$ cat input.pdb   # PDB, C-alpha atoms
ATOM      1  CA  MET I 191      14.378   1.454 -13.187  1.00  0.00           C
ATOM      2  CA  ILE I 192      11.764  -0.199 -10.994  1.00  0.00           C
ATOM      3  CA  LYS I 193       9.108   2.176  -9.707  1.00  0.00           C
ATOM      4  CA  ILE I 194       7.366   1.476  -6.405  1.00  0.00           C
ATOM      5  CA  GLY I 195       4.238   3.217  -5.155  1.00  0.00           C
ATOM      6  CA  ILE I 196       3.931   3.752  -1.404  1.00  0.00           C
ATOM      7  CA  ILE I 197       0.176   3.860  -0.889  1.00  0.00           C
ATOM      8  CA  LEU I 198      -1.021   5.694   2.206  1.00  0.00           C
ATOM      9  CA  GLY I 199      -4.182   3.767   3.031  1.00  0.00           C
ATOM     10  CA  SER I 200      -5.896   6.099   5.483  1.00  0.00           C
ATOM     11  CA  THR I 201      -7.712   9.394   5.037  1.00  0.00           C
ATOM     12  CA  ARG I 202      -8.832   9.787   8.640  1.00  0.00           C
ATOM     13  CA  PRO I 203      -8.241  13.230  10.197  1.00  0.00           C
ATOM     14  CA  GLY I 204      -5.231  13.078  12.516  1.00  0.00           C
ATOM     15  CA  ARG I 205      -4.134   9.795  10.931  1.00  0.00           C
ATOM     16  CA  ASN I 206      -0.947   8.122  12.124  1.00  0.00           C
ATOM     17  CA  GLY I 207      -0.448   6.799   8.620  1.00  0.00           C
ATOM     18  CA  ALA I 208       0.939  10.069   7.259  1.00  0.00           C
ATOM     19  CA  ALA I 209       3.997   9.887   9.533  1.00  0.00           C
ATOM     20  CA  VAL I 210       4.415   6.188   8.811  1.00  0.00           C
ATOM     21  CA  ALA I 211       4.208   6.677   5.031  1.00  0.00           C
ATOM     22  CA  ARG I 212       6.727   9.542   5.147  1.00  0.00           C
ATOM     23  CA  TRP I 213       9.073   7.313   7.179  1.00  0.00           C
ATOM     24  CA  VAL I 214       8.755   4.569   4.553  1.00  0.00           C
ATOM     25  CA  ARG I 215       9.404   7.071   1.764  1.00  0.00           C
ATOM     26  CA  ASP I 216      12.375   8.639   3.560  1.00  0.00           C
ATOM     27  CA  ILE I 217      14.074   5.293   4.150  1.00  0.00           C
ATOM     28  CA  ALA I 218      13.232   4.011   0.675  1.00  0.00           C
ATOM     29  CA  SER I 219      14.526   7.176  -0.991  1.00  0.00           C
ATOM     30  CA  GLN I 220      18.009   6.441   0.373  1.00  0.00           C
ATOM     31  CA  ARG I 221      18.145   3.471  -1.993  1.00  0.00           C
ATOM     32  CA  THR I 222      19.500   3.677  -5.536  1.00  0.00           C
ATOM     33  CA  ASP I 223      17.905   0.496  -6.900  1.00  0.00           C
ATOM     34  CA  ALA I 224      14.398   1.886  -7.473  1.00  0.00           C
ATOM     35  CA  GLU I 225      12.251   5.002  -7.610  1.00  0.00           C
ATOM     36  CA  PHE I 226       9.660   5.518  -4.893  1.00  0.00           C
ATOM     37  CA  GLU I 227       6.568   7.706  -4.917  1.00  0.00           C
ATOM     38  CA  LEU I 228       4.164   8.396  -2.089  1.00  0.00           C
ATOM     39  CA  VAL I 229       0.536   7.999  -3.199  1.00  0.00           C
ATOM     40  CA  ASP I 230      -1.872   9.544  -0.687  1.00  0.00           C
ATOM     41  CA  LEU I 231      -5.474   8.399  -1.053  1.00  0.00           C
ATOM     42  CA  LEU I 232      -6.539  11.873   0.065  1.00  0.00           C
ATOM     43  CA  ASP I 233      -5.384  13.056  -3.370  1.00  0.00           C
ATOM     44  CA  TYR I 234      -7.761  10.673  -5.179  1.00  0.00           C
ATOM     45  CA  LYS I 235     -11.423  11.340  -4.677  1.00  0.00           C
ATOM     46  CA  LEU I 236     -12.780   7.822  -5.128  1.00  0.00           C
ATOM     47  CA  PRO I 237     -16.391   7.506  -3.962  1.00  0.00           C
ATOM     48  CA  HIS I 238     -17.688   4.068  -3.075  1.00  0.00           C
ATOM     49  CA  LEU I 239     -17.182   1.996  -6.195  1.00  0.00           C
ATOM     50  CA  ASP I 240     -19.340   3.699  -8.809  1.00  0.00           C
ATOM     51  CA  GLU I 241     -18.387   1.903 -12.025  1.00  0.00           C
ATOM     52  CA  ALA I 242     -21.220   0.012 -13.722  1.00  0.00           C
ATOM     53  CA  LEU I 243     -18.951  -2.699 -15.137  1.00  0.00           C
ATOM     54  CA  PRO I 244     -16.645  -4.998 -13.170  1.00  0.00           C
ATOM     55  CA  PRO I 245     -13.031  -3.779 -12.928  1.00  0.00           C
ATOM     56  CA  SER I 246     -11.838  -6.983 -14.601  1.00  0.00           C
ATOM     57  CA  LEU I 247     -13.263  -5.668 -17.893  1.00  0.00           C
ATOM     58  CA  GLY I 248     -11.057  -2.576 -17.725  1.00  0.00           C
ATOM     59  CA  GLN I 249     -13.758  -0.344 -19.192  1.00  0.00           C
ATOM     60  CA  TYR I 250     -13.650   2.571 -16.781  1.00  0.00           C
ATOM     61  CA  ALA I 251     -16.270   5.258 -17.373  1.00  0.00           C
ATOM     62  CA  GLN I 252     -15.531   7.667 -14.526  1.00  0.00           C
ATOM     63  CA  PRO I 253     -12.690  10.218 -14.835  1.00  0.00           C
ATOM     64  CA  HIS I 254     -11.605   9.562 -11.233  1.00  0.00           C
ATOM     65  CA  THR I 255     -11.271   5.857 -12.028  1.00  0.00           C
ATOM     66  CA  GLN I 256      -9.238   6.572 -15.156  1.00  0.00           C
ATOM     67  CA  GLU I 257      -6.899   8.866 -13.190  1.00  0.00           C
ATOM     68  CA  TRP I 258      -6.490   6.215 -10.482  1.00  0.00           C
ATOM     69  CA  ALA I 259      -5.897   3.481 -13.065  1.00  0.00           C
ATOM     70  CA  ASN I 260      -3.189   5.534 -14.790  1.00  0.00           C
ATOM     71  CA  LYS I 261      -1.424   6.156 -11.469  1.00  0.00           C
ATOM     72  CA  ILE I 262      -1.487   2.511 -10.367  1.00  0.00           C
ATOM     73  CA  ASP I 263      -0.508   1.283 -13.836  1.00  0.00           C
ATOM     74  CA  SER I 264       2.651   3.419 -13.671  1.00  0.00           C
ATOM     75  CA  PHE I 265       4.155   1.296 -10.874  1.00  0.00           C
ATOM     76  CA  ASP I 266       5.969  -2.039 -10.864  1.00  0.00           C
ATOM     77  CA  GLY I 267       5.166  -2.794  -7.232  1.00  0.00           C
ATOM     78  CA  PHE I 268       3.783  -1.366  -4.034  1.00  0.00           C
ATOM     79  CA  ILE I 269       4.206  -0.844  -0.340  1.00  0.00           C
ATOM     80  CA  MET I 270       0.776  -0.455   1.229  1.00  0.00           C
ATOM     81  CA  VAL I 271       0.682   1.464   4.498  1.00  0.00           C
ATOM     82  CA  THR I 272      -2.443   0.374   6.314  1.00  0.00           C
ATOM     83  CA  PRO I 273      -4.057   0.987   9.670  1.00  0.00           C
ATOM     84  CA  GLU I 274      -6.023  -1.736  11.356  1.00  0.00           C
ATOM     85  CA  TYR I 275      -9.645  -0.804  11.916  1.00  0.00           C
ATOM     86  CA  ASN I 276     -11.951  -3.423  13.460  1.00  0.00           C
ATOM     87  CA  HIS I 277      -9.601  -6.326  12.637  1.00  0.00           C
ATOM     88  CA  SER I 278      -9.260  -5.290   8.983  1.00  0.00           C
ATOM     89  CA  THR I 279      -7.840  -2.640   6.701  1.00  0.00           C
ATOM     90  CA  SER I 280      -9.408   0.758   6.167  1.00  0.00           C
ATOM     91  CA  GLY I 281     -12.500   0.978   4.001  1.00  0.00           C
ATOM     92  CA  VAL I 282     -10.878   3.687   1.860  1.00  0.00           C
ATOM     93  CA  LEU I 283      -7.912   1.448   0.993  1.00  0.00           C
ATOM     94  CA  LYS I 284     -10.134  -1.524   0.184  1.00  0.00           C
ATOM     95  CA  ASN I 285     -12.326   0.696  -1.986  1.00  0.00           C
ATOM     96  CA  ALA I 286      -9.296   2.067  -3.856  1.00  0.00           C
ATOM     97  CA  ILE I 287      -8.028  -1.451  -4.483  1.00  0.00           C
ATOM     98  CA  ASP I 288     -11.447  -2.667  -5.668  1.00  0.00           C
ATOM     99  CA  TYR I 289     -11.692   0.026  -8.349  1.00  0.00           C
ATOM    100  CA  LEU I 290      -9.100  -1.703 -10.532  1.00  0.00           C
ATOM    101  CA  TYR I 291      -7.987  -5.123 -11.679  1.00  0.00           C
ATOM    102  CA  ALA I 292      -5.407  -5.420 -14.479  1.00  0.00           C
ATOM    103  CA  GLU I 293      -3.420  -2.462 -13.131  1.00  0.00           C
ATOM    104  CA  TRP I 294      -2.580  -4.543 -10.036  1.00  0.00           C
ATOM    105  CA  ASN I 295      -1.745  -7.793 -11.874  1.00  0.00           C
ATOM    106  CA  ASN I 296       1.770  -9.252 -11.827  1.00  0.00           C
ATOM    107  CA  LYS I 297       3.105  -6.706  -9.388  1.00  0.00           C
ATOM    108  CA  ALA I 298       4.683  -7.233  -5.991  1.00  0.00           C
ATOM    109  CA  VAL I 299       3.243  -5.826  -2.800  1.00  0.00           C
ATOM    110  CA  GLY I 300       4.622  -5.454   0.701  1.00  0.00           C
ATOM    111  CA  PHE I 301       2.852  -4.168   3.769  1.00  0.00           C
ATOM    112  CA  VAL I 302       3.572  -1.696   6.542  1.00  0.00           C
ATOM    113  CA  SER I 303       0.802  -1.818   9.094  1.00  0.00           C
ATOM    114  CA  TYR I 304       0.028  -0.193  12.408  1.00  0.00           C
ATOM    115  CA  GLY I 305      -2.454  -0.776  15.182  1.00  0.00           C
ATOM    116  CA  SER I 306      -2.807  -2.172  18.673  1.00  0.00           C
ATOM    117  CA  LEU I 307      -1.503  -5.536  17.460  1.00  0.00           C
ATOM    118  CA  GLY I 308       0.713  -4.044  14.774  1.00  0.00           C
ATOM    119  CA  GLY I 309      -1.999  -4.148  12.143  1.00  0.00           C
ATOM    120  CA  ALA I 310      -1.388  -7.848  11.515  1.00  0.00           C
ATOM    121  CA  ARG I 311      -5.054  -8.677  10.925  1.00  0.00           C
ATOM    122  CA  ALA I 312      -5.380  -5.885   8.340  1.00  0.00           C
ATOM    123  CA  VAL I 313      -2.451  -7.349   6.429  1.00  0.00           C
ATOM    124  CA  GLU I 314      -3.937 -10.848   6.553  1.00  0.00           C
ATOM    125  CA  HIS I 315      -7.047  -9.516   4.812  1.00  0.00           C
ATOM    126  CA  LEU I 316      -4.976  -7.607   2.265  1.00  0.00           C
ATOM    127  CA  ARG I 317      -2.968 -10.741   1.446  1.00  0.00           C
ATOM    128  CA  LEU I 318      -6.193 -12.493   0.415  1.00  0.00           C
ATOM    129  CA  VAL I 319      -7.162  -9.552  -1.774  1.00  0.00           C
ATOM    130  CA  ALA I 320      -3.671  -9.423  -3.325  1.00  0.00           C
ATOM    131  CA  GLY I 321      -3.933 -13.082  -4.319  1.00  0.00           C
ATOM    132  CA  GLU I 322      -7.210 -12.469  -6.132  1.00  0.00           C
ATOM    133  CA  LEU I 323      -5.626  -9.551  -7.996  1.00  0.00           C
ATOM    134  CA  GLN I 324      -2.685 -11.718  -9.125  1.00  0.00           C
ATOM    135  CA  MET I 325      -0.239  -9.773  -6.986  1.00  0.00           C
ATOM    136  CA  ALA I 326       2.793 -11.342  -5.329  1.00  0.00           C
ATOM    137  CA  ASP I 327       2.665 -10.450  -1.650  1.00  0.00           C
ATOM    138  CA  VAL I 328       6.043 -10.725   0.003  1.00  0.00           C
ATOM    139  CA  ARG I 329       6.613 -12.524   3.280  1.00  0.00           C
ATOM    140  CA  SER I 330       8.457  -9.770   5.129  1.00  0.00           C
ATOM    141  CA  GLN I 331       6.379  -6.970   6.583  1.00  0.00           C
ATOM    142  CA  VAL I 332       6.525  -4.150   9.099  1.00  0.00           C
ATOM    143  CA  ALA I 333       4.034  -4.350  11.964  1.00  0.00           C
ATOM    144  CA  LEU I 334       4.051  -1.168  14.041  1.00  0.00           C
ATOM    145  CA  SER I 335       2.522  -1.273  17.508  1.00  0.00           C
ATOM    146  CA  LEU I 336       0.604   1.721  18.775  1.00  0.00           C
ATOM    147  CA  PHE I 337       1.956   0.802  22.232  1.00  0.00           C
ATOM    148  CA  HIS I 338       5.652   0.480  21.349  1.00  0.00           C
ATOM    149  CA  ASP I 339       6.286   2.446  18.138  1.00  0.00           C
ATOM    150  CA  PHE I 340       4.230   5.532  19.018  1.00  0.00           C
ATOM    151  CA  GLU I 341       4.372   7.782  22.063  1.00  0.00           C
ATOM    152  CA  ASN I 342       0.911   8.640  23.369  1.00  0.00           C
ATOM    153  CA  PHE I 343      -0.473   6.537  20.486  1.00  0.00           C
ATOM    154  CA  SER I 344       0.282   9.338  18.011  1.00  0.00           C
ATOM    155  CA  ASP I 345       3.938  10.447  18.007  1.00  0.00           C
ATOM    156  CA  PHE I 346       5.729   7.998  15.693  1.00  0.00           C
ATOM    157  CA  LYS I 347       9.023   6.686  17.161  1.00  0.00           C
ATOM    158  CA  PRO I 348       9.926   3.355  15.517  1.00  0.00           C
ATOM    159  CA  GLY I 349      12.837   1.292  16.803  1.00  0.00           C
ATOM    160  CA  GLN I 350      15.847   0.314  14.691  1.00  0.00           C
ATOM    161  CA  PHE I 351      14.470  -3.211  14.297  1.00  0.00           C
ATOM    162  CA  GLN I 352      11.533  -1.669  12.386  1.00  0.00           C
ATOM    163  CA  VAL I 353      14.001   0.000   9.981  1.00  0.00           C
ATOM    164  CA  ASP I 354      15.586  -3.413   9.444  1.00  0.00           C
ATOM    165  CA  ALA I 355      12.149  -4.950   8.823  1.00  0.00           C
ATOM    166  CA  LEU I 356      11.327  -2.206   6.341  1.00  0.00           C
ATOM    167  CA  ASN I 357      14.578  -2.739   4.437  1.00  0.00           C
ATOM    168  CA  ALA I 358      13.889  -6.494   4.283  1.00  0.00           C
ATOM    169  CA  THR I 359      10.396  -5.761   2.952  1.00  0.00           C
ATOM    170  CA  LEU I 360      11.752  -3.332   0.361  1.00  0.00           C
ATOM    171  CA  ASP I 361      14.374  -5.887  -0.729  1.00  0.00           C
ATOM    172  CA  GLN I 362      11.673  -8.499  -1.300  1.00  0.00           C
ATOM    173  CA  VAL I 363       9.298  -6.128  -3.105  1.00  0.00           C
ATOM    174  CA  LEU I 364      12.069  -5.017  -5.447  1.00  0.00           C
ATOM    175  CA  ALA I 365      13.196  -8.577  -6.154  1.00  0.00           C
ATOM    176  CA  TRP I 366       9.677  -9.749  -6.920  1.00  0.00           C
ATOM    177  CA  SER I 367       8.885  -6.626  -8.961  1.00  0.00           C
ATOM    178  CA  ALA I 368      11.913  -7.346 -11.155  1.00  0.00           C
ATOM    179  CA  ALA I 369      11.048 -11.048 -11.409  1.00  0.00           C
ATOM    180  CA  LEU I 370       7.482 -10.281 -12.514  1.00  0.00           C
ATOM    181  CA  ALA I 371       8.559  -7.776 -15.202  1.00  0.00           C
ATOM    182  CA  PRO I 372       8.307 -10.316 -18.080  1.00  0.00           C
ATOM    183  CA  LEU I 373       4.712 -11.085 -17.092  1.00  0.00           C
ATOM    184  CA  ARG I 374       3.813  -7.392 -17.058  1.00  0.00           C
ATOM    185  CA  ALA I 375       5.379  -6.971 -20.492  1.00  0.00           C
ATOM    186  CA  ALA I 376       3.392  -9.834 -22.016  1.00  0.00           C
TER     187      ALA I 376
END
$ encode --input "input.pdb" --output "structure tokens"
Amino acid sequence: MIKIGIILGSTRPGRNGAAVARWVRDIASQRTDAEFELVDLLDYKLPHLDEALPPSLGQYAQPHTQEWANKIDSFDGFIMVTPEYNHSTSGVLKNAIDYLYAEWNNKAVGFVSYGSLGGARAVEHLRLVAGELQMADVRSQVALSLFHDFENFSDFKPGQFQVDALNATLDQVLAWSAALAPLRAA
């Protein structure tokens, strides 16, 4: 069965991302066509990239990198939940992505973003990164507005259309994850 990691890309105290990631997991877990696991970056203590060799060589020296690599390698695809900070993604998510290379290759990725403009600019940056890592980023995405999907900018209350957008994103991630399976096996 296809296994999808839902990566919570914020570690900020009081983060909105925790509620968003739980929402993604709760909706995804109603499906029977894949397994879903929430991966919280708070659980992985990754300092600023501290490996001497480039990730593309796959020669990880640090135990935290090896643990992270094993976790990411266990998935067939991903949903990345990202805030938008200063017109980009969070530094902690970018750092976590940059630690690895082959573990990301030939896997699908979809995005659930949030911010004043729905986190759209963060996703645009992540799409460029995904391309470099040989990931297939799907077209559908969920863009949550702090003005419309949160009360008082912190109490998460998404509309039904966001559930529909999430299901479309999940459908695409699962389809692409299955399609890329022969490349991962090679």
$ atom_distance --input "input.pdb" --atom1 "CA of Ile262 in chain I" --atom2 "CA of Leu336 in chain I"
29.2 Å
$ closest_residue --input "input.pdb" --among "I:Ser344, I:Thr359, I:Thr272, I:Ser303" --to "Thr201 in chain I" --atoms "all atoms listed in the file"
I:Thr272
$ residues_around --input "input.pdb" --residues "Arg212 in chain I" --least-positions-apart "4" --cutoff "10 Å" --atoms "all atoms listed in the file" --output "compact mmCIF listing (two decimals) with C-alpha atoms, keeping the file's coordinate frame"
# COMPACT_ATOMS: atom_id res chain seq x y z
CA ILE I 196 3.93 3.75 -1.40
CA LEU I 198 -1.02 5.69 2.21
CA GLY I 207 -0.45 6.80 8.62
CA ALA I 208 0.94 10.07 7.26
CA ASP I 216 12.38 8.64 3.56
CA ILE I 217 14.07 5.29 4.15
CA ALA I 218 13.23 4.01 0.68
CA LEU I 228 4.16 8.40 -2.09
$ residues_around --input "input.pdb" --residues "Phe351 in chain I" --least-positions-apart "4" --cutoff "12 Å" --atoms "only C-alpha atoms" --output "ChimeraX atom specification"
/I:331-334,338-339,347,355-358
$ resolve_selection --input "input.pdb" --expression "the PyMOL selection byres ((chain I and resi 362) around 9)" --output "list in words"
Ala298, Val299, Gly300, Val328, Arg329, Ser330, Asn357, Ala358, Thr359, Leu360, Asp361, Val363, Leu364, Ala365, Trp366 and Ser367 of chain I
$ write_last_selection --input "input.pdb" --atoms "C-alpha atoms" --output "compact mmCIF listing (two decimals), keeping the file's coordinate frame"
# COMPACT_ATOMS: atom_id res chain seq x y z
CA ALA I 298 4.68 -7.23 -5.99
CA VAL I 299 3.24 -5.83 -2.80
CA GLY I 300 4.62 -5.45 0.70
CA VAL I 328 6.04 -10.72 0.00
CA ARG I 329 6.61 -12.52 3.28
CA SER I 330 8.46 -9.77 5.13
CA ASN I 357 14.58 -2.74 4.44
CA ALA I 358 13.89 -6.49 4.28
CA THR I 359 10.40 -5.76 2.95
CA LEU I 360 11.75 -3.33 0.36
CA ASP I 361 14.37 -5.89 -0.73
CA VAL I 363 9.30 -6.13 -3.10
CA LEU I 364 12.07 -5.02 -5.45
CA ALA I 365 13.20 -8.58 -6.15
CA TRP I 366 9.68 -9.75 -6.92
CA SER I 367 8.88 -6.63 -8.96
$ resolve_selection --input "input.pdb" --expression "the PyMOL selection byres ((chain I and resi 324-326) around 7)" --output "list in words"
Trp294, Asn295, Asn296, Lys297, Ala298, Val299, Ala320, Gly321, Glu322, Leu323, Asp327 and Val328 of chain I
$ closest_residue --input "input.pdb" --among "I:Val319, I:Ala310, I:Leu290, I:Val302" --to "Glu241 in chain I" --atoms "all atoms listed in the file"
I:Leu290
$ closest_residue --input "input.pdb" --among "I:Asn276, I:Phe337, I:Leu243, I:Tyr289" --to "His315 in chain I" --atoms "all atoms listed in the file"
I:Asn276
$ atom_distance --input "input.pdb" --atom1 "CA of Lys261 in chain I" --atom2 "CA of Gln249 in chain I"
15.9 Å
$ residues_around --input "input.pdb" --residues "Leu231 in chain I" --least-positions-apart "6" --cutoff "9 Å" --atoms "all atoms listed in the file" --output "number ranges by chain"
I: 197-201, 282-283, 286
$ atom_distance --input "input.pdb" --atom1 "CA of Glu274 in chain I" --atom2 "CA of Tyr304 in chain I"
6.3 Å
$ closest_residue --input "input.pdb" --among "I:Ile269, I:Tyr234, I:Thr222, I:Leu239" --to "His254 in chain I" --atoms "all atoms listed in the file"
I:Tyr234
$ resolve_selection --input "input.pdb" --expression "the PyMOL selection byres ((chain I and resi 306) around 7)" --output "JSON, numbers by chain"
{"I": [305, 307, 308, 309, 335, 336, 337]}
$ closest_residue --input "input.pdb" --among "I:Pro273, I:Gly281, I:Gly204, I:Pro253" --to "His238 in chain I" --atoms "all atoms listed in the file"
I:Gly281
$ closest_residue --input "input.pdb" --among "I:Ala259, I:Ser280, I:Leu236, I:Ala376" --to "Arg202 in chain I" --atoms "only C-alpha atoms"
I:Ser280
$ axis_aligned_box --input "input.pdb" --around "range 230-240 of chain I" --padding-each-side "6 Å" --output "AutoDock Vina command-line options"
--center_x -10.6 --center_y 7.5 --center_z -4.4 --size_x 29.5 --size_y 23.1 --size_z 20.9
$ build_atoms --input "input.pdb" --residues "range 245-255 of chain I" --atoms "all heavy atoms" --output "PDB file, in the frame of the given file"
ATOM      1  N   PRO I 245     -14.380  -4.248 -12.614  1.00  0.00           N
ATOM      2  CA  PRO I 245     -13.031  -3.779 -12.928  1.00  0.00           C
ATOM      3  C   PRO I 245     -12.254  -4.735 -13.840  1.00  0.00           C
ATOM      4  O   PRO I 245     -11.396  -4.297 -14.602  1.00  0.00           O
ATOM      5  CB  PRO I 245     -12.360  -3.665 -11.567  1.00  0.00           C
ATOM      6  CG  PRO I 245     -13.470  -3.514 -10.601  1.00  0.00           C
ATOM      7  CD  PRO I 245     -14.616  -4.292 -11.176  1.00  0.00           C
ATOM      8  N   SER I 246     -12.566  -6.012 -13.779  1.00  0.00           N
ATOM      9  CA  SER I 246     -11.838  -6.983 -14.601  1.00  0.00           C
ATOM     10  C   SER I 246     -12.029  -6.741 -16.097  1.00  0.00           C
ATOM     11  O   SER I 246     -11.218  -7.195 -16.911  1.00  0.00           O
ATOM     12  CB  SER I 246     -12.261  -8.414 -14.254  1.00  0.00           C
ATOM     13  OG  SER I 246     -13.650  -8.580 -14.461  1.00  0.00           O
ATOM     14  N   LEU I 247     -13.058  -5.992 -16.475  1.00  0.00           N
ATOM     15  CA  LEU I 247     -13.263  -5.668 -17.893  1.00  0.00           C
ATOM     16  C   LEU I 247     -12.408  -4.491 -18.340  1.00  0.00           C
ATOM     17  O   LEU I 247     -12.202  -4.284 -19.541  1.00  0.00           O
ATOM     18  CB  LEU I 247     -14.744  -5.374 -18.170  1.00  0.00           C
ATOM     19  CG  LEU I 247     -15.701  -6.546 -17.956  1.00  0.00           C
ATOM     20  CD1 LEU I 247     -17.141  -6.108 -18.187  1.00  0.00           C
ATOM     21  CD2 LEU I 247     -15.337  -7.718 -18.848  1.00  0.00           C
ATOM     22  N   GLY I 248     -11.930  -3.693 -17.394  1.00  0.00           N
ATOM     23  CA  GLY I 248     -11.057  -2.576 -17.725  1.00  0.00           C
ATOM     24  C   GLY I 248     -11.721  -1.461 -18.512  1.00  0.00           C
ATOM     25  O   GLY I 248     -11.037  -0.671 -19.161  1.00  0.00           O
ATOM     26  N   GLN I 249     -13.020  -1.370 -18.455  1.00  0.00           N
ATOM     27  CA  GLN I 249     -13.758  -0.344 -19.192  1.00  0.00           C
ATOM     28  C   GLN I 249     -14.254   0.713 -18.194  1.00  0.00           C
ATOM     29  O   GLN I 249     -15.424   0.752 -17.839  1.00  0.00           O
ATOM     30  CB  GLN I 249     -14.920  -0.974 -19.955  1.00  0.00           C
ATOM     31  CG  GLN I 249     -14.466  -1.967 -20.996  1.00  0.00           C
ATOM     32  CD  GLN I 249     -15.628  -2.686 -21.669  1.00  0.00           C
ATOM     33  OE1 GLN I 249     -16.782  -2.271 -21.559  1.00  0.00           O
ATOM     34  NE2 GLN I 249     -15.325  -3.765 -22.350  1.00  0.00           N
ATOM     35  N   TYR I 250     -13.345   1.580 -17.805  1.00  0.00           N
ATOM     36  CA  TYR I 250     -13.650   2.571 -16.781  1.00  0.00           C
ATOM     37  C   TYR I 250     -14.343   3.778 -17.400  1.00  0.00           C
ATOM     38  O   TYR I 250     -13.833   4.380 -18.330  1.00  0.00           O
ATOM     39  CB  TYR I 250     -12.371   3.005 -16.075  1.00  0.00           C
ATOM     40  CG  TYR I 250     -11.542   1.847 -15.552  1.00  0.00           C
ATOM     41  CD1 TYR I 250     -10.190   1.744 -15.854  1.00  0.00           C
ATOM     42  CD2 TYR I 250     -12.112   0.862 -14.762  1.00  0.00           C
ATOM     43  CE1 TYR I 250      -9.428   0.693 -15.369  1.00  0.00           C
ATOM     44  CE2 TYR I 250     -11.362  -0.199 -14.276  1.00  0.00           C
ATOM     45  CZ  TYR I 250     -10.021  -0.275 -14.580  1.00  0.00           C
ATOM     46  OH  TYR I 250      -9.262  -1.321 -14.106  1.00  0.00           O
ATOM     47  N   ALA I 251     -15.492   4.139 -16.841  1.00  0.00           N
ATOM     48  CA  ALA I 251     -16.270   5.258 -17.373  1.00  0.00           C
ATOM     49  C   ALA I 251     -16.007   6.561 -16.620  1.00  0.00           C
ATOM     50  O   ALA I 251     -16.134   7.642 -17.204  1.00  0.00           O
ATOM     51  CB  ALA I 251     -17.769   4.922 -17.307  1.00  0.00           C
ATOM     52  N   GLN I 252     -15.671   6.479 -15.358  1.00  0.00           N
ATOM     53  CA  GLN I 252     -15.531   7.667 -14.526  1.00  0.00           C
ATOM     54  C   GLN I 252     -14.125   8.267 -14.644  1.00  0.00           C
ATOM     55  O   GLN I 252     -13.132   7.535 -14.592  1.00  0.00           O
ATOM     56  CB  GLN I 252     -15.804   7.322 -13.058  1.00  0.00           C
ATOM     57  CG  GLN I 252     -17.174   6.720 -12.808  1.00  0.00           C
ATOM     58  CD  GLN I 252     -18.295   7.695 -13.101  1.00  0.00           C
ATOM     59  OE1 GLN I 252     -18.102   8.911 -13.093  1.00  0.00           O
ATOM     60  NE2 GLN I 252     -19.471   7.173 -13.364  1.00  0.00           N
ATOM     61  N   PRO I 253     -14.021   9.582 -14.772  1.00  0.00           N
ATOM     62  CA  PRO I 253     -12.690  10.218 -14.835  1.00  0.00           C
ATOM     63  C   PRO I 253     -11.814   9.923 -13.620  1.00  0.00           C
ATOM     64  O   PRO I 253     -10.605   9.733 -13.762  1.00  0.00           O
ATOM     65  CB  PRO I 253     -13.007  11.713 -14.931  1.00  0.00           C
ATOM     66  CG  PRO I 253     -14.386  11.776 -15.481  1.00  0.00           C
ATOM     67  CD  PRO I 253     -15.100  10.550 -14.969  1.00  0.00           C
ATOM     68  N   HIS I 254     -12.414   9.866 -12.417  1.00  0.00           N
ATOM     69  CA  HIS I 254     -11.605   9.562 -11.233  1.00  0.00           C
ATOM     70  C   HIS I 254     -11.041   8.145 -11.296  1.00  0.00           C
ATOM     71  O   HIS I 254      -9.930   7.897 -10.840  1.00  0.00           O
ATOM     72  CB  HIS I 254     -12.382   9.803  -9.925  1.00  0.00           C
ATOM     73  CG  HIS I 254     -13.693   9.090  -9.838  1.00  0.00           C
ATOM     74  ND1 HIS I 254     -14.874   9.726 -10.085  1.00  0.00           N
ATOM     75  CD2 HIS I 254     -14.006   7.813  -9.551  1.00  0.00           C
ATOM     76  CE1 HIS I 254     -15.876   8.872  -9.939  1.00  0.00           C
ATOM     77  NE2 HIS I 254     -15.362   7.694  -9.617  1.00  0.00           N
ATOM     78  N   THR I 255     -11.773   7.220 -11.874  1.00  0.00           N
ATOM     79  CA  THR I 255     -11.271   5.857 -12.028  1.00  0.00           C
ATOM     80  C   THR I 255     -10.134   5.814 -13.038  1.00  0.00           C
ATOM     81  O   THR I 255      -9.117   5.155 -12.821  1.00  0.00           O
ATOM     82  CB  THR I 255     -12.393   4.903 -12.481  1.00  0.00           C
ATOM     83  OG1 THR I 255     -13.517   5.051 -11.623  1.00  0.00           O
ATOM     84  CG2 THR I 255     -11.924   3.453 -12.477  1.00  0.00           C
TER      85      THR I 255
END
